[in-house]
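Have a look at start-v5.txt; it's compact mmCIF, C-alpha atoms:
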```
# COMPACT_ATOMS: atom_id res chain seq x y z
CA ASP P 1 132.09 246.33 -79.99
CA ALA P 2 135.24 244.28 -79.54
CA GLY P 3 134.93 240.93 -77.83
CA VAL P 4 137.44 239.46 -75.41
CA THR P 5 140.90 239.83 -76.92
CA GLN P 6 143.90 237.72 -76.01
CA SER P 7 147.57 237.93 -76.92
CA PRO P 8 149.65 236.35 -78.16
CA THR P 9 147.55 233.90 -80.17
CA HIS P 10 150.34 231.36 -80.49
CA LEU P 11 153.69 230.98 -78.79
CA ILE P 12 156.41 228.40 -78.34
CA LYS P 13 158.57 228.16 -75.22
CA THR P 14 161.07 225.68 -73.84
CA ARG P 15 160.95 223.91 -70.51
CA GLY P 16 161.93 226.09 -67.57
CA GLN P 17 161.04 229.36 -69.28
CA HIS P 18 158.42 231.83 -68.16
CA VAL P 19 155.36 233.04 -70.08
CA THR P 20 152.95 235.97 -69.75
CA LEU P 21 149.54 235.86 -71.44
CA ARG P 22 147.34 238.91 -71.74
CA CYS P 23 143.59 239.45 -71.87
CA SER P 24 141.35 242.47 -72.44
CA PRO P 25 137.74 241.95 -71.38
CA ILE P 26 134.66 243.25 -73.14
CA SER P 27 134.19 246.95 -72.40
CA GLY P 28 132.22 247.34 -69.18
CA HIS P 29 133.02 243.84 -67.90
CA LYS P 30 134.83 243.85 -64.56
CA SER P 31 135.33 240.12 -64.03
CA VAL P 32 137.95 238.05 -65.83
CA SER P 33 138.50 234.30 -65.57
CA TRP P 34 141.29 232.10 -66.92
CA TYR P 35 140.90 228.52 -68.10
CA GLN P 36 143.37 225.92 -69.37
CA GLN P 37 142.23 223.58 -72.14
CA VAL P 38 144.53 220.65 -72.87
CA LEU P 39 144.00 218.97 -76.24
CA GLY P 40 141.06 216.59 -76.08
CA GLN P 41 139.78 217.92 -72.76
CA GLY P 42 137.32 220.52 -71.60
CA PRO P 43 138.54 223.83 -70.13
CA GLN P 44 139.76 223.76 -66.51
CA PHE P 45 139.32 226.76 -64.22
CA ILE P 46 142.54 228.48 -63.15
CA PHE P 47 141.67 231.91 -61.70
CA GLN P 48 138.87 234.43 -61.42
CA TYR P 49 139.44 238.15 -60.77
CA TYR P 50 136.88 240.83 -60.00
CA GLU P 51 137.70 244.45 -59.28
CA LYS P 52 141.42 243.60 -59.23
CA GLU P 53 141.00 241.00 -56.48
CA GLU P 54 141.35 237.24 -56.79
CA ARG P 55 137.91 235.73 -56.20
CA GLY P 56 138.62 232.12 -57.09
CA ARG P 57 141.50 229.75 -57.73
CA GLY P 58 141.46 226.31 -59.30
CA ASN P 59 143.68 223.34 -58.54
CA PHE P 60 146.87 224.61 -60.19
CA PRO P 61 150.41 224.85 -58.73
CA ASP P 62 151.93 228.08 -57.46
CA ARG P 63 153.84 228.39 -60.74
CA PHE P 64 150.60 229.87 -62.06
CA SER P 65 149.77 233.43 -61.04
CA ALA P 66 147.60 236.20 -62.37
CA ARG P 67 146.63 239.77 -61.77
CA GLN P 68 144.02 242.28 -62.92
CA PHE P 69 144.81 245.89 -63.71
CA PRO P 70 142.76 249.07 -63.01
CA ASN P 71 141.44 248.97 -66.60
CA TYR P 72 140.20 245.38 -65.88
CA SER P 73 142.64 243.76 -68.30
CA SER P 74 144.47 240.74 -66.92
CA GLU P 75 147.71 238.82 -67.17
CA LEU P 76 148.34 235.13 -66.55
CA ASN P 77 151.90 234.20 -65.67
CA VAL P 78 153.37 230.72 -65.66
CA ASN P 79 156.88 230.10 -64.32
CA ALA P 80 159.21 227.15 -64.79
CA LEU P 81 157.25 225.80 -67.74
CA LEU P 82 156.71 222.06 -68.05
CA LEU P 83 155.80 220.06 -71.14
CA GLY P 84 152.39 219.45 -69.57
CA ASP P 85 151.66 223.18 -69.58
CA SER P 86 151.16 222.97 -73.35
CA ALA P 87 147.53 223.95 -73.84
CA LEU P 88 145.06 226.54 -75.07
CA TYR P 89 144.70 229.24 -72.40
CA LEU P 90 141.28 230.85 -72.50
CA CYS P 91 140.25 234.13 -70.95
CA ALA P 92 136.59 234.91 -70.32
CA SER P 93 134.85 238.02 -69.07
CA THR P 94 131.43 238.63 -67.57
CA GLY P 95 129.47 241.65 -66.52
CA VAL P 96 127.72 242.59 -63.27
CA PRO P 97 125.76 240.74 -62.03
CA PRO P 98 127.66 237.69 -63.32
CA GLY P 99 125.97 236.08 -66.27
CA GLU P 100 127.12 234.66 -69.53
CA LEU P 101 130.85 234.08 -69.86
CA PHE P 102 132.28 235.48 -73.09
CA PHE P 103 135.45 233.67 -74.13
CA GLY P 104 138.34 234.94 -76.18
CA GLU P 105 139.92 232.85 -78.92
CA GLY P 106 142.69 231.77 -76.59
CA SER P 107 146.47 231.71 -76.52
CA ARG P 108 147.93 228.42 -77.70
CA LEU P 109 151.11 227.65 -75.76
CA THR P 110 153.49 224.92 -76.87
CA VAL P 111 156.28 223.93 -74.49
CA LEU P 112 159.18 222.02 -76.06
CA THR Z 1 135.47 217.46 -56.56
CA GLN Z 2 132.56 217.93 -58.94
CA LEU Z 3 132.89 216.08 -62.23
CA LEU Z 4 130.84 216.16 -65.40
CA GLU Z 5 130.89 213.11 -67.66
CA GLN Z 6 129.93 213.59 -71.29
CA SER Z 7 129.02 210.87 -73.74
CA PRO Z 8 129.74 209.97 -76.39
CA GLN Z 9 133.24 211.45 -76.67
CA PHE Z 10 133.08 211.41 -80.47
CA LEU Z 11 130.18 211.20 -82.90
CA SER Z 12 130.37 211.02 -86.68
CA ILE Z 13 127.04 211.15 -88.54
CA GLN Z 14 125.55 211.99 -91.93
CA GLU Z 15 123.65 215.17 -92.67
CA GLY Z 16 119.97 214.82 -91.76
CA GLU Z 17 120.45 212.37 -88.89
CA ASN Z 18 119.35 213.04 -85.31
CA LEU Z 19 121.64 212.75 -82.31
CA THR Z 20 121.69 213.11 -78.53
CA VAL Z 21 124.64 214.07 -76.33
CA TYR Z 22 124.56 213.38 -72.60
CA CYS Z 23 126.10 215.16 -69.62
CA ASN Z 24 126.00 213.46 -66.21
CA SER Z 25 127.24 214.31 -62.73
CA SER Z 26 126.99 212.90 -59.23
CA SER Z 27 126.74 216.49 -57.93
CA VAL Z 28 123.97 219.05 -58.06
CA PHE Z 29 124.64 222.27 -59.92
CA SER Z 30 122.67 225.50 -59.62
CA SER Z 31 122.74 225.79 -63.40
CA LEU Z 32 124.14 223.96 -66.37
CA GLN Z 33 125.38 225.49 -69.58
CA TRP Z 34 126.03 224.09 -73.04
CA TYR Z 35 128.78 225.55 -75.23
CA ARG Z 36 129.93 224.91 -78.78
CA GLN Z 37 133.59 225.35 -79.68
CA GLU Z 38 135.02 225.42 -83.18
CA PRO Z 39 138.71 224.81 -83.95
CA GLY Z 40 140.88 227.82 -83.11
CA GLU Z 41 138.11 229.59 -81.24
CA GLY Z 42 136.85 229.90 -77.69
CA PRO Z 43 133.61 228.25 -76.52
CA VAL Z 44 130.38 230.06 -77.35
CA LEU Z 45 127.38 229.76 -75.04
CA LEU Z 46 124.34 228.00 -76.54
CA VAL Z 47 121.99 227.83 -73.56
CA THR Z 48 121.73 227.94 -69.76
CA VAL Z 49 119.28 225.68 -67.92
CA VAL Z 50 118.44 226.43 -64.32
CA THR Z 51 115.27 224.65 -63.24
CA GLY Z 52 115.06 220.88 -62.75
CA GLY Z 53 113.04 219.34 -65.60
CA GLU Z 54 113.50 222.43 -67.76
CA VAL Z 55 113.44 222.03 -71.54
CA LYS Z 56 114.73 224.73 -73.87
CA LYS Z 57 114.66 224.77 -77.66
CA LEU Z 58 117.00 226.66 -79.94
CA LYS Z 59 115.92 226.00 -83.54
CA ARG Z 60 116.93 222.36 -84.16
CA LEU Z 61 118.60 222.00 -80.74
CA THR Z 62 116.67 220.81 -77.67
CA PHE Z 63 118.24 221.02 -74.22
CA GLN Z 64 116.92 219.25 -71.13
CA PHE Z 65 117.93 219.59 -67.47
CA GLY Z 66 117.26 216.56 -65.28
CA ASP Z 67 114.74 216.76 -62.45
CA ALA Z 68 117.52 216.40 -59.86
CA ARG Z 69 119.72 219.01 -61.63
CA LYS Z 70 122.56 216.51 -62.00
CA ASP Z 71 122.28 215.65 -65.68
CA SER Z 72 121.43 217.21 -69.00
CA SER Z 73 121.02 216.26 -72.62
CA LEU Z 74 121.35 217.99 -75.96
CA HIS Z 75 119.34 216.68 -78.89
CA ILE Z 76 119.98 217.87 -82.43
CA THR Z 77 117.36 217.20 -85.11
CA ALA Z 78 118.34 216.88 -88.76
CA ALA Z 79 122.02 217.66 -88.18
CA GLN Z 80 123.82 219.84 -90.71
CA PRO Z 81 127.55 220.15 -91.52
CA GLY Z 82 127.49 223.55 -89.83
CA ASP Z 83 126.71 221.78 -86.53
CA THR Z 84 130.21 220.26 -86.57
CA GLY Z 85 132.19 221.21 -83.47
CA LEU Z 86 133.03 220.37 -79.87
CA TYR Z 87 129.99 220.46 -77.59
CA LEU Z 88 130.81 221.18 -73.96
CA CYS Z 89 128.56 221.07 -70.92
CA ALA Z 90 129.53 223.12 -67.88
CA GLY Z 91 128.10 223.27 -64.39
CA ALA Z 92 127.93 226.40 -62.28
CA ASN Z 93 127.31 226.89 -58.59
CA SER Z 94 127.06 230.35 -57.04
CA GLY Z 95 127.46 232.90 -59.78
CA TYR Z 96 128.59 232.01 -63.26
CA SER Z 97 132.26 232.85 -63.33
CA THR Z 98 133.56 229.49 -62.10
CA LEU Z 99 132.50 226.67 -64.36
CA THR Z 100 133.23 222.94 -64.22
CA PHE Z 101 133.42 221.63 -67.76
CA GLY Z 102 132.99 218.14 -69.13
CA LYS Z 103 135.54 216.76 -71.59
CA GLY Z 104 133.24 217.48 -74.50
CA THR Z 105 131.65 215.61 -77.38
CA MET Z 106 133.28 216.09 -80.77
CA LEU Z 107 130.55 216.06 -83.43
CA LEU Z 108 131.34 215.61 -87.11
CA VAL Z 109 128.46 215.96 -89.58
CA SER Z 110 129.30 214.89 -93.12
CA PRO Z 111 127.37 216.12 -96.19
```
Written form, structure tokens:
Amino acid sequence: DAGVTQSPTHLIKTRGQHVTLRCSPISGHKSVSWYQQVLGQGPQFIFQYYEKEERGRGNFPDRFSARQFPNYSSELNVNALLLGDSALYLCASTGVPPGELFFGEGSRLTVL
Amino acid sequence: TQLLEQSPQFLSIQEGENLTVYCNSSSVFSSLQWYRQEPGEGPVLLVTVVTGGEVKKLKRLTFQFGDARKDSSLHITAAQPGDTGLYLCAGANSGYSTLTFGKGTMLLVSP
């Protein structure tokens, strides 16, 4: 069975641009969470979605948004990119009831 | 804001040595998880501890949850180069989908 898949794996953007990151959860998992991991730090919680509804939001500006689709895949959008948005963006899925989080390999975003 | 402090931040040892990594918080968590992350990959769950005072063993790894459920430790016996990686502790409250991570301990085990 496929694990959590994320795309793209690497991308480079310039300040002010917009980016969309995609995540497909493990088959049967209905909850998806997004985390930001800056180099040298632990992951920081951005969003959690369950059954297409936002169930949790971390301390991130409104430039960050996300959504979950009927097939439980998810997108993370970041507008007006800043240099400080450069990070590894991790997606994780979990089943019902919530248990272990399974992480994807991440999307590494570099903002120049 | 709940914070998790991990120490040390970086540890470089020789194969065969023992080591302990610490994770401390001023807040109580309903559970605490330990992850290992290798370069270019996402974190992989090693263990979840739930009960204060709980000790769990995973081969050469021993995990302990403090009595007050605010701190935890990871002890590795006879470290091997394959143990190299970033060790992260993460606290969870209700449910498991929202985790508060520490900054991690980068472990390098040399042959």
From P:Ala80, P:Val4, P:Ile12, P:Val19, residue lying nearest chain Z [all atoms listed in the file]: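 Answer, going by the shortest atom-to-atom distance: P:Val4.
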Compute the chain P side of the contact with chain Z at 8 Å, counting all atoms listed in the file, and hand it back as a PyMOL selection string. chain P and resi 31+33+40-45+48+56+90+94+98-106
Dump as a JSON list (two decimals), in the coordinates of the input, selection limited to C-alpha atoms:
```json
[["chain", "number", "residue", "atom", "x", "y", "z"],
["P", 31, "SER", "CA", 135.33, 240.12, -64.03],
["P", 33, "SER", "CA", 138.50, 234.30, -65.57],
["P", 40, "GLY", "CA", 141.06, 216.59, -76.08],
["P", 41, "GLN", "CA", 139.78, 217.92, -72.76],
["P", 42, "GLY", "CA", 137.32, 220.52, -71.60],
["P", 43, "PRO", "CA", 138.54, 223.83, -70.13],
["P", 44, "GLN", "CA", 139.76, 223.76, -66.51],
["P", 45, "PHE", "CA", 139.32, 226.76, -64.22],
["P", 48, "GLN", "CA", 138.87, 234.43, -61.42],
["P", 56, "GLY", "CA", 138.62, 232.12, -57.09],
["P", 90, "LEU", "CA", 141.28, 230.85, -72.50],
["P", 94, "THR", "CA", 131.43, 238.63, -67.57],
["P", 98, "PRO", "CA", 127.66, 237.69, -63.32],
["P", 99, "GLY", "CA", 125.97, 236.08, -66.27],
["P", 100, "GLU", "CA", 127.12, 234.66, -69.53],
["P", 101, "LEU", "CA", 130.85, 234.08, -69.86],
["P", 102, "PHE", "CA", 132.28, 235.48, -73.09],
["P", 103, "PHE", "CA", 135.45, 233.67, -74.13],
["P", 104, "GLY", "CA", 138.34, 234.94, -76.18],
["P", 105, "GLU", "CA", 139.92, 232.85, -78.92],
["P", 106, "GLY", "CA", 142.69, 231.77, -76.59]]
```
Pairwise distance for atom CA of Gly82 of chain Z and atom CA of Val109 of chain Z, rounded to one decimal in Å: 7.7 Å
What's the separation between atom CA of Arg36 of chain Z and atom CA of Leu61 of chain Z, in Å to one decimal place?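 Going from atom CA of Arg36 of chain Z over to atom CA of Leu61 of chain Z, I get 11.9 Å.
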My list of candidates is P:Gly95, P:Gly3, P:Ser86, P:Phe64. Which is closest to Arg108 of chain P when distances are computed with all atoms listed in the file?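 Using all atoms listed in the file, the shortest distance to Arg108 of chain P belongs to P:Ser86.
Separating atom CA of Asp71 of chain Z from atom CA of Leu39 of chain P is a distance of 24.4 Å.
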For each of Z:Ser110, Z:Asn93, Z:Ser7, Z:Gln80, take the minimum atom-to-atom distance to Thr20 of chain Z, counting only C-alpha atoms, then give the residue where this is smallest. Z:Ser7
Using all atoms listed in the file, find all polymer residues with an atom at most 9 Å away from the point (155.0, 219.5, -71.3); report them as a VMD selection string. chain P and resid 15 81 to 86 110 to 112
Just want the 8 Å neighbourhood of Asn59 of chain P, counted on only C-alpha atoms, with same-chain residues fewer than 2 positions away dropped. Output as a CSV table (one decimal) with C-alpha atoms, in the coordinates of the input.
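And here's around.csv as it stands now:
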```csv
chain,number,residue,atom,x,y,z
P,45,PHE,CA,139.3,226.8,-64.2
P,46,ILE,CA,142.5,228.5,-63.2
P,57,ARG,CA,141.5,229.8,-57.7
P,61,PRO,CA,150.4,224.8,-58.7
```
Pick from Z:Gly52, Z:Leu108, Z:Lys57, Z:Asp67 nearest to Ile13 of chain Z, counting all atoms listed in the file: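 Among Z:Gly52, Z:Leu108, Z:Lys57, Z:Asp67, it is Z:Leu108 that comes nearest to Ile13 of chain Z.
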Counting all atoms listed in the file, which residues have an atom no more than 8 Å from (137.8, 243.1, -73.8) in the file's coordinates? Please list them as a list in words.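 Within the cut-off we find Ala2, Gly3, Val4, Thr5, Cys23, Ser24, Pro25, Ile26, Ser27, His29, Ser73 and Ser93 of chain P.
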